[in-house]
file query-v7.txt (compact mmCIF, C-alpha atoms)
# COMPACT_ATOMS: atom_id res chain seq x y z
CA MET A 891 95.88 72.20 48.54
CA ALA A 892 94.38 75.66 48.05
CA ALA A 893 96.73 78.46 49.08
CA GLN A 894 93.92 80.09 51.05
CA GLY A 895 91.14 77.63 51.71
CA LYS A 896 87.75 78.48 53.19
CA LEU A 897 88.33 75.83 55.87
CA ASP A 898 91.95 76.57 56.79
CA GLY A 899 92.63 75.45 60.35
CA LYS A 900 89.32 73.62 60.75
CA VAL A 901 89.07 70.05 62.01
CA ALA A 902 86.49 67.80 60.35
CA LEU A 903 85.20 64.34 61.25
CA VAL A 904 83.64 62.39 58.37
CA THR A 905 82.25 58.92 59.04
CA GLY A 906 82.14 56.37 56.25
CA SER A 907 84.83 58.24 54.35
CA GLY A 908 86.85 55.38 52.91
CA ARG A 909 84.64 55.09 49.85
CA GLY A 910 81.98 56.77 47.75
CA ILE A 911 80.32 59.96 48.91
CA GLY A 912 82.17 60.05 52.21
CA ARG A 913 85.55 59.88 50.51
CA GLU A 914 84.60 62.74 48.20
CA ILE A 915 83.36 64.82 51.15
CA ALA A 916 86.67 64.28 52.94
CA LEU A 917 88.69 65.20 49.86
CA LYS A 918 86.63 68.33 49.26
CA LEU A 919 87.02 69.54 52.84
CA ALA A 920 90.73 68.75 52.78
CA SER A 921 91.17 70.65 49.50
CA GLU A 922 89.87 73.74 51.30
CA GLY A 923 92.32 73.39 54.18
CA ALA A 924 90.51 71.24 56.75
CA ARG A 925 92.32 68.59 58.76
CA LEU A 926 90.43 65.32 58.66
CA VAL A 927 89.51 62.39 60.86
CA ILE A 928 88.66 59.58 58.42
CA ASN A 929 86.56 56.53 59.26
CA ASP A 930 85.71 53.27 57.56
CA LEU A 931 84.76 49.77 58.63
CA ASP A 932 87.90 48.52 56.91
CA ALA A 933 91.42 49.85 57.17
CA GLU A 934 92.34 49.55 53.48
CA PRO A 935 89.88 52.06 51.99
CA ALA A 936 90.52 54.43 54.88
CA GLU A 937 94.25 54.29 54.14
CA GLU A 938 93.54 55.09 50.49
CA THR A 939 91.61 58.20 51.51
CA LEU A 940 94.39 59.21 53.91
CA ALA A 941 96.93 58.86 51.11
CA ALA A 942 94.80 60.95 48.75
CA ILE A 943 94.47 63.73 51.33
CA ARG A 944 98.18 63.72 52.04
CA ALA A 945 98.85 63.88 48.30
CA LEU A 946 96.90 67.17 48.36
CA GLY A 947 99.23 68.40 51.08
CA GLY A 948 96.61 67.91 53.77
CA GLU A 949 96.60 66.35 57.21
CA ALA A 950 94.46 63.39 58.20
CA VAL A 951 94.25 60.52 60.67
CA ALA A 952 91.97 57.49 60.79
CA CYS A 953 89.55 56.19 63.39
CA ASN A 954 88.33 52.96 61.88
CA GLY A 955 85.66 50.50 62.92
CA SER A 956 81.89 50.35 63.07
CA VAL A 957 80.10 53.56 63.97
CA THR A 958 77.50 51.39 65.73
CA GLU A 959 79.93 50.26 68.44
CA ALA A 960 78.84 51.64 71.80
CA ASP A 961 82.12 53.51 72.38
CA PHE A 962 82.68 54.72 68.83
CA GLY A 963 81.40 58.26 69.43
CA GLU A 964 83.81 58.77 72.30
CA ARG A 965 86.62 57.21 70.29
CA ILE A 966 86.32 59.39 67.19
CA VAL A 967 85.93 62.56 69.26
CA ARG A 968 88.99 61.64 71.29
CA THR A 969 90.95 60.97 68.09
CA ALA A 970 90.14 64.47 66.83
CA LEU A 971 91.03 66.16 70.09
CA ASP A 972 94.23 64.18 70.62
CA SER A 973 95.39 64.62 67.02
CA PHE A 974 94.31 68.18 66.23
CA GLY A 975 93.13 69.78 69.47
CA GLY A 976 89.57 70.60 68.42
CA ILE A 977 86.46 69.86 66.39
CA ASP A 978 84.84 72.25 63.91
CA ILE A 979 82.88 70.05 61.48
CA ILE A 980 81.06 66.75 61.97
CA VAL A 981 79.64 64.92 58.95
CA ASN A 982 77.52 61.90 59.87
CA ASN A 983 77.73 60.03 56.58
CA ALA A 984 78.30 56.32 57.35
CA GLY A 985 75.50 53.99 56.38
CA TYR A 986 74.01 51.47 53.99
CA THR A 987 70.62 50.04 53.02
CA TRP A 988 69.18 46.62 53.86
CA ASP A 989 65.85 46.49 52.07
CA ASN A 990 62.78 44.30 52.36
CA VAL A 991 59.02 44.63 52.35
CA ILE A 992 57.71 44.94 55.87
CA GLN A 993 56.22 41.43 56.16
CA LYS A 994 59.65 39.98 55.39
CA MET A 995 61.77 42.50 57.31
CA THR A 996 63.39 41.04 60.42
CA ASP A 997 64.08 42.80 63.69
CA GLU A 998 67.77 42.50 62.85
CA GLN A 999 67.26 44.41 59.59
CA TRP A 1000 65.22 47.07 61.33
CA TYR A 1001 67.62 47.72 64.20
CA ALA A 1002 70.78 47.47 62.08
CA ILE A 1003 69.61 50.34 59.87
CA ILE A 1004 68.23 52.42 62.75
CA ASP A 1005 71.51 51.97 64.63
CA VAL A 1006 73.82 53.03 61.80
CA HIS A 1007 71.74 55.98 60.59
CA MET A 1008 70.32 57.35 63.87
CA THR A 1009 71.94 55.90 66.98
CA ALA A 1010 75.50 56.33 65.73
CA PRO A 1011 75.10 60.06 64.87
CA PHE A 1012 73.35 60.59 68.23
CA ARG A 1013 76.30 59.06 70.10
CA ILE A 1014 78.86 61.06 68.11
CA LEU A 1015 77.08 64.35 68.79
CA ARG A 1016 76.63 63.46 72.45
CA ALA A 1017 80.33 62.65 72.72
CA ALA A 1018 81.26 65.97 71.08
CA SER A 1019 78.92 68.03 73.25
CA GLY A 1020 81.34 68.57 76.11
CA PHE A 1021 84.06 70.02 73.91
CA ILE A 1022 81.58 72.13 71.91
CA ARG A 1023 79.96 73.58 75.02
CA GLU A 1024 83.22 74.52 76.71
CA ALA A 1025 84.81 75.89 73.53
CA ALA A 1026 81.76 78.04 72.80
CA LYS A 1027 81.73 79.43 76.34
CA ALA A 1028 85.43 80.32 76.15
CA GLU A 1029 85.03 81.98 72.76
CA ALA A 1030 82.01 83.99 73.93
CA ALA A 1031 83.95 85.16 76.99
CA GLU A 1032 86.64 86.45 74.64
CA GLY A 1033 84.05 88.25 72.52
CA ARG A 1034 84.56 85.95 69.54
CA GLU A 1035 81.81 84.39 67.41
CA VAL A 1036 83.07 81.04 66.12
CA PHE A 1037 80.73 78.85 64.09
CA ARG A 1038 80.90 75.07 64.00
CA LYS A 1039 79.09 72.79 61.59
CA VAL A 1040 77.19 69.52 61.75
CA VAL A 1041 75.95 67.98 58.50
CA ASN A 1042 73.79 64.87 58.81
CA ILE A 1043 73.21 62.75 55.73
CA SER A 1044 69.56 61.97 55.06
CA SER A 1045 67.84 60.68 51.93
CA THR A 1046 64.86 61.33 49.73
CA SER A 1047 63.57 58.06 51.21
CA GLY A 1048 63.34 59.89 54.52
CA VAL A 1049 61.58 62.87 52.94
CA PHE A 1050 59.13 61.08 50.64
CA GLY A 1051 59.33 57.41 51.72
CA ASN A 1052 60.26 54.47 49.52
CA ALA A 1053 58.68 51.05 49.13
CA GLY A 1054 60.78 48.26 50.59
CA GLN A 1055 62.64 50.67 52.86
CA ALA A 1056 60.55 51.07 55.99
CA ASN A 1057 63.71 50.85 58.09
CA TYR A 1058 65.82 53.20 55.98
CA SER A 1059 62.99 55.69 55.38
CA ALA A 1060 62.27 55.82 59.12
CA ALA A 1061 65.94 56.27 59.98
CA LYS A 1062 66.50 59.01 57.43
CA ALA A 1063 63.33 60.84 58.50
CA GLY A 1064 64.57 60.49 62.06
CA ILE A 1065 67.96 62.05 61.33
CA ALA A 1066 66.17 65.02 59.77
CA GLY A 1067 64.19 65.39 62.98
CA MET A 1068 67.36 65.14 65.05
CA THR A 1069 68.88 67.83 62.82
CA ARG A 1070 66.05 70.26 63.59
CA ALA A 1071 66.21 69.51 67.32
CA MET A 1072 69.99 69.95 67.52
CA ALA A 1073 69.85 73.20 65.54
CA LYS A 1074 67.68 74.61 68.33
CA GLU A 1075 69.69 73.01 71.13
CA TRP A 1076 73.12 74.07 69.85
CA GLY A 1077 72.25 77.43 68.33
CA ARG A 1078 73.44 79.12 71.51
CA TYR A 1079 76.85 77.54 70.91
CA LYS A 1080 76.98 78.89 67.34
CA VAL A 1081 76.68 75.43 65.79
CA ASN A 1082 74.88 75.20 62.45
CA VAL A 1083 73.15 71.81 62.20
CA ASN A 1084 71.82 70.89 58.77
CA ALA A 1085 71.06 67.80 56.71
CA VAL A 1086 71.44 66.81 53.08
CA ALA A 1087 68.89 64.37 51.64
CA PHE A 1088 70.37 62.59 48.64
CA GLY A 1089 68.41 61.10 45.81
CA LEU A 1090 70.08 58.76 43.31
CA ILE A 1091 73.85 59.11 43.68
CA MET A 1092 76.02 56.68 41.73
CA THR A 1093 78.05 54.64 44.22
CA ARG A 1094 78.75 50.93 44.72
CA LEU A 1095 75.35 50.69 46.44
CA THR A 1096 73.45 51.94 43.39
CA GLU A 1097 75.50 50.84 40.38
CA ALA A 1098 73.82 48.82 37.65
CA VAL A 1099 74.10 45.06 38.10
CA ALA A 1100 72.88 42.45 35.65
CA ASN A 1101 71.84 40.04 38.40
CA SER A 1102 70.92 40.12 42.07
CA GLY A 1103 74.13 38.49 43.24
CA ALA A 1104 76.15 41.61 44.07
CA THR A 1105 76.73 41.99 47.81
CA ILE A 1106 78.86 43.83 50.31
CA ASP A 1107 80.00 42.57 53.69
CA ILE A 1108 78.85 44.64 56.66
CA GLU A 1109 80.13 43.16 59.91
CA GLY A 1110 79.60 39.62 58.69
CA ARG A 1111 76.28 40.33 57.00
CA GLU A 1112 76.05 39.82 53.23
CA ILE A 1113 73.95 42.77 52.04
CA LYS A 1114 72.64 42.89 48.47
CA VAL A 1115 73.61 46.02 46.56
CA GLY A 1116 73.14 47.43 43.09
CA VAL A 1117 70.16 48.20 40.90
CA ARG A 1118 68.88 46.28 37.89
CA PRO A 1119 69.88 48.18 34.70
CA GLU A 1120 66.27 48.63 33.57
CA ALA A 1121 65.26 49.95 36.99
CA LEU A 1122 68.21 52.34 37.03
CA LYS A 1123 67.34 53.59 33.55
CA SER A 1124 63.73 54.12 34.61
CA ALA A 1125 64.81 56.03 37.73
CA GLU A 1126 67.14 58.29 35.77
CA ALA A 1127 64.35 59.07 33.30
CA THR A 1128 62.40 60.74 36.13
CA ILE A 1129 65.30 63.05 37.07
CA PRO A 1130 65.02 66.49 35.41
CA LEU A 1131 68.80 66.72 35.07
CA GLY A 1132 68.73 63.39 33.22
CA ARG A 1133 71.07 61.25 35.31
CA GLY A 1134 72.05 60.19 38.77
CA GLY A 1135 74.43 62.38 40.73
CA ARG A 1136 78.15 61.83 41.02
CA PRO A 1137 79.77 61.39 44.46
CA GLU A 1138 81.75 64.61 44.02
CA GLU A 1139 78.52 66.49 43.30
CA ALA A 1140 77.01 65.04 46.46
CA ALA A 1141 80.09 66.18 48.37
CA GLY A 1142 79.67 69.70 47.01
CA SER A 1143 76.27 70.03 48.66
CA VAL A 1144 77.71 69.01 52.03
CA TYR A 1145 80.55 71.49 51.55
CA LEU A 1146 78.01 74.32 51.20
CA PHE A 1147 76.93 73.72 54.79
CA CYS A 1148 80.54 73.70 56.05
CA ILE A 1149 81.73 77.09 54.80
CA PRO A 1150 81.35 80.51 56.46
CA GLU A 1151 78.79 81.64 53.87
CA SER A 1152 76.25 79.30 55.52
CA ASN A 1153 76.76 80.61 59.07
CA TYR A 1154 73.16 81.85 59.28
CA VAL A 1155 71.63 78.67 57.88
CA THR A 1156 70.61 76.03 60.40
CA GLY A 1157 67.94 73.40 60.96
CA GLN A 1158 67.48 72.79 57.23
CA THR A 1159 67.28 69.67 55.07
CA LEU A 1160 68.51 70.24 51.53
CA VAL A 1161 67.18 67.77 48.94
CA VAL A 1162 69.91 66.92 46.42
CA ALA A 1163 68.22 64.81 43.77
CA GLY A 1164 68.70 66.51 40.41
CA GLY A 1165 65.24 68.03 40.61
CA ARG A 1166 63.45 64.73 41.14
CA PRO A 1167 60.61 64.98 43.70
call {"tool": "encode", "arguments": {"input": "query-v7.txt", "output": "structure tokens"}}
result
Amino acid sequence: MAAQGKLDGKVALVTGSGRGIGREIALKLASEGARLVINDLDAEPAEETLAAIRALGGEAVACNGSVTEADFGERIVRTALDSFGGIDIIVNNAGYTWDNVIQKMTDEQWYAIIDVHMTAPFRILRAASGFIREAAKAEAAEGREVFRKVVNISSTSGVFGNAGQANYSAAKAGIAGMTRAMAKEWGRYKVNVNAVAFGLIMTRLTEAVANSGATIDIEGREIKVGVRPEALKSAEATIPLGRGGRPEEAAGSVYLFCIPESNYVTGQTLVVAGGRP
């Protein structure tokens, strides 16, 4: 733990933080002094992240389960308030892809991806709005300017589109739109609302697989993951920096939007793709 972190005393909620990018975001924020509310579908990876944060000397609690559950937003906000007494940073990171060309895409595929990438962040921000509004009013009455941060995770698929991802591209474009709307709505409360649009980041969802049999279980659904080695090599060849990004590099870009130096930056979507358009 840093002796004097940029986020000392802050409380951060990070969804999907048991693995991959979300875990690295949580560890980065914790290393700078933030207290964390961790979330994952499964308890085991969440516990591993909690243990890693505590090994840094940090504080963290878990609020596990699916972010798409109707009461999840209220539950994670209540966990933060009950455990730490406030909320300063919200990172809407949880999500996955479920690809298909449009003629083969089912309603279930469409709504599952829209729900996890758009509806869940909407519900979390709605649930946090009461605390944020009242805290901002109290701070203004005291003559204090206190900034809070929301970072929504988008994708280059939402910025440029991607074949086979009508659902994911639509959801990630939608979260960028929500980001711009909330920056205007919550500016009066001194909340910076920004998004990070990731390109190829090397996680379990994008690792090279020799066959198409790799899957993950999402609430009883077997979702194919991974990228054929030749396709991955081809994709990396188009990246000016020459490779896919690492989860800790992805976390660094989110961190930029969480620190005081970004207090006058809001309503923006930062493309993090190694220079690839």
call {"tool": "residues_around", "arguments": {"input": "query-v7.txt", "residues": "Arg1023 (chain A)", "least_positions_apart": "4", "cutoff": "7 Å", "atoms": "only C-alpha atoms", "output": "PyMOL selection string"}}
result
chain A and resi 1019+1027+1079
call {"tool": "write_last_selection", "arguments": {"input": "query-v7.txt", "atoms": "C-alpha atoms", "output": "PDB file, keeping the file's coordinate frame"}}
result
ATOM      1  CA  SER A1019      78.920  68.030  73.250  1.00  0.00           C
ATOM      2  CA  LYS A1027      81.730  79.430  76.340  1.00  0.00           C
ATOM      3  CA  TYR A1079      76.850  77.540  70.910  1.00  0.00           C
TER       4      TYR A1079
END
call {"tool": "residues_near_point", "arguments": {"input": "query-v7.txt", "point": "(94.2, 68.3, 67.3)", "cutoff": "10 Å", "atoms": "all atoms listed in the file", "output": "count of residues only"}}
result
15
call {"tool": "atom_distance", "arguments": {"input": "query-v7.txt", "atom1": "CA of Gly955 (chain A)", "atom2": "CA of Leu1160 (chain A)"}}
result
28.5 Å
call {"tool": "closest_atom_pairs", "arguments": {"input": "query-v7.txt", "of": "region 946-986 of chain A", "to": "region 1137-1148 of chain A", "cutoff": "12 Å", "atoms": "all atoms listed in the file", "output": "tab-separated table"}}
result
residue	atom	partner	partner_atom	distance
A:Asp978	CA	A:Cys1148	CA	9.1
A:Ile979	CA	A:Cys1148	CA	6.9
A:Ile980	CA	A:Cys1148	CA	9.1
A:Val981	CA	A:Val1144	CA	8.3
A:Asn982	CA	A:Val1144	CA	10.6
A:Asn983	CA	A:Val1144	CA	10.1
call {"tool": "residues_around", "arguments": {"input": "query-v7.txt", "residues": "Glu949 (chain A)", "least_positions_apart": "4", "cutoff": "12 Å", "atoms": "all atoms listed in the file", "output": "list in words"}}
result
Met891, Asp898, Gly899, Lys900, Val901, Ala902, Ala916, Leu917, Leu919, Ala920, Ser921, Glu922, Gly923, Ala924, Arg925, Leu926, Val927, Ile928, Thr939, Leu940, Ala941, Ala942, Ile943, Arg944, Ala945, Ala970, Ser973 and Phe974 of chain A
call {"tool": "closest_residue", "arguments": {"input": "query-v7.txt", "among": "A:Ile966, A:Leu1090, A:Val904, A:Val957", "to": "Val1041 (chain A)", "atoms": "all atoms listed in the file"}}
result
A:Val904
call {"tool": "residues_around", "arguments": {"input": "query-v7.txt", "residues": "region 1061-1066 of chain A", "least_positions_apart": "2", "cutoff": "7 Å", "atoms": "all atoms listed in the file", "output": "PyMOL selection string"}}
result
chain A and resi 1003-1004+1007-1008+1042+1044-1045+1047-1049+1057-1059+1068-1070+1085+1159
call {"tool": "residues_near_point", "arguments": {"input": "query-v7.txt", "point": "(81.2, 63.3, 64.7)", "cutoff": "6 Å", "atoms": "all atoms listed in the file", "output": "list in words"}}
result
Leu903, Ile980, Ile1014 and Leu1015 of chain A
